[in-house]
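Peer 1: Input: one structure, supplied below.
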Amino acid sequence: MDYVSALVPPVVMAAFFIGLVVTIVKSQGGPNKAKEDAVVDAALARAEATRQADGTPAV
């Protein structure tokens with residue numbers, strides 16, 4: 001029975017990893033894409049405005 005206890009953790013981790021990958025793939029595109037893009041665009045605009053206010057030269 002030692003082989004069963006040795007195999008359970010990798011199998012459980014593999015199942016969680018597969019679930020994570022499936023969730024990431026399903027969340028790409030669709031109605032979530034516009035919302036995610038808007039959040040990223042807002043963050044970039046905020047960072048650009050802060051950089052210009054500080055007078056930091058562009059990289």
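Order determines the names: the first chain of the structure tokens is A, the second B, and so forth; residues in each chain are numbered 1 upward, and ligands are numbered 1 upward as they are shown.
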With DSSP run on the backbone, what are the alpha helix (DSSP H) residues within chain A? I'd like them as a PyMOL selection string.
Peer 2: chain A and resi 2-27+31-54
Peer 1: Emit the selected residues as a CSV table (one decimal), in the first residue's frame, including C-alpha atoms.
Peer 2:
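Final output, selection.csv:
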chain,number,residue,atom,x,y,z
A,2,ASP,CA,3.0,2.3,0.2
A,3,TYR,CA,2.9,2.8,-3.6
A,4,VAL,CA,-0.7,4.2,-3.3
A,5,SER,CA,0.4,6.8,-0.7
A,6,ALA,CA,3.4,7.6,-2.9
A,7,LEU,CA,1.2,8.2,-6.0
A,8,VAL,CA,-1.7,10.2,-4.4
A,9,PRO,CA,0.1,13.6,-4.0
A,10,PRO,CA,1.4,13.7,-7.7
A,11,VAL,CA,-2.0,12.7,-9.0
A,12,VAL,CA,-3.8,15.3,-6.9
A,13,MET,CA,-1.3,18.0,-7.9
A,14,ALA,CA,-1.8,17.0,-11.6
A,15,ALA,CA,-5.5,17.2,-11.3
A,16,PHE,CA,-5.3,20.7,-9.8
A,17,PHE,CA,-2.9,21.8,-12.4
A,18,ILE,CA,-5.1,20.6,-15.2
A,19,GLY,CA,-8.0,22.4,-13.6
A,20,LEU,CA,-6.0,25.6,-13.4
A,21,VAL,CA,-5.0,25.4,-17.1
A,22,VAL,CA,-8.6,24.7,-18.1
A,23,THR,CA,-9.8,27.7,-16.1
A,24,ILE,CA,-7.1,30.0,-17.6
A,25,VAL,CA,-7.9,28.9,-21.1
A,26,LYS,CA,-11.7,29.3,-20.6
A,27,SER,CA,-11.2,32.8,-19.2
A,31,PRO,CA,-16.8,38.9,-22.5
A,32,ASN,CA,-14.0,39.0,-20.0
A,33,LYS,CA,-11.4,40.1,-22.6
A,34,ALA,CA,-12.8,43.6,-23.0
A,35,LYS,CA,-13.0,44.0,-19.2
A,36,GLU,CA,-9.4,42.8,-18.7
A,37,ASP,CA,-8.1,45.0,-21.6
A,38,ALA,CA,-9.8,48.0,-20.0
A,39,VAL,CA,-8.1,47.4,-16.7
A,40,VAL,CA,-4.7,47.0,-18.3
A,41,ASP,CA,-5.2,50.1,-20.4
A,42,ALA,CA,-6.3,52.1,-17.4
A,43,ALA,CA,-3.2,51.0,-15.4
A,44,LEU,CA,-0.9,51.8,-18.3
A,45,ALA,CA,-2.5,55.3,-18.7
A,46,ARG,CA,-2.1,55.9,-14.9
A,47,ALA,CA,1.6,54.9,-15.1
A,48,GLU,CA,2.2,57.1,-18.1
A,49,ALA,CA,0.5,60.1,-16.4
A,50,THR,CA,2.6,59.5,-13.3
A,51,ARG,CA,5.8,59.3,-15.3
A,52,GLN,CA,5.0,62.5,-17.1
A,53,ALA,CA,4.2,64.3,-13.9
A,54,ASP,CA,7.5,63.3,-12.3
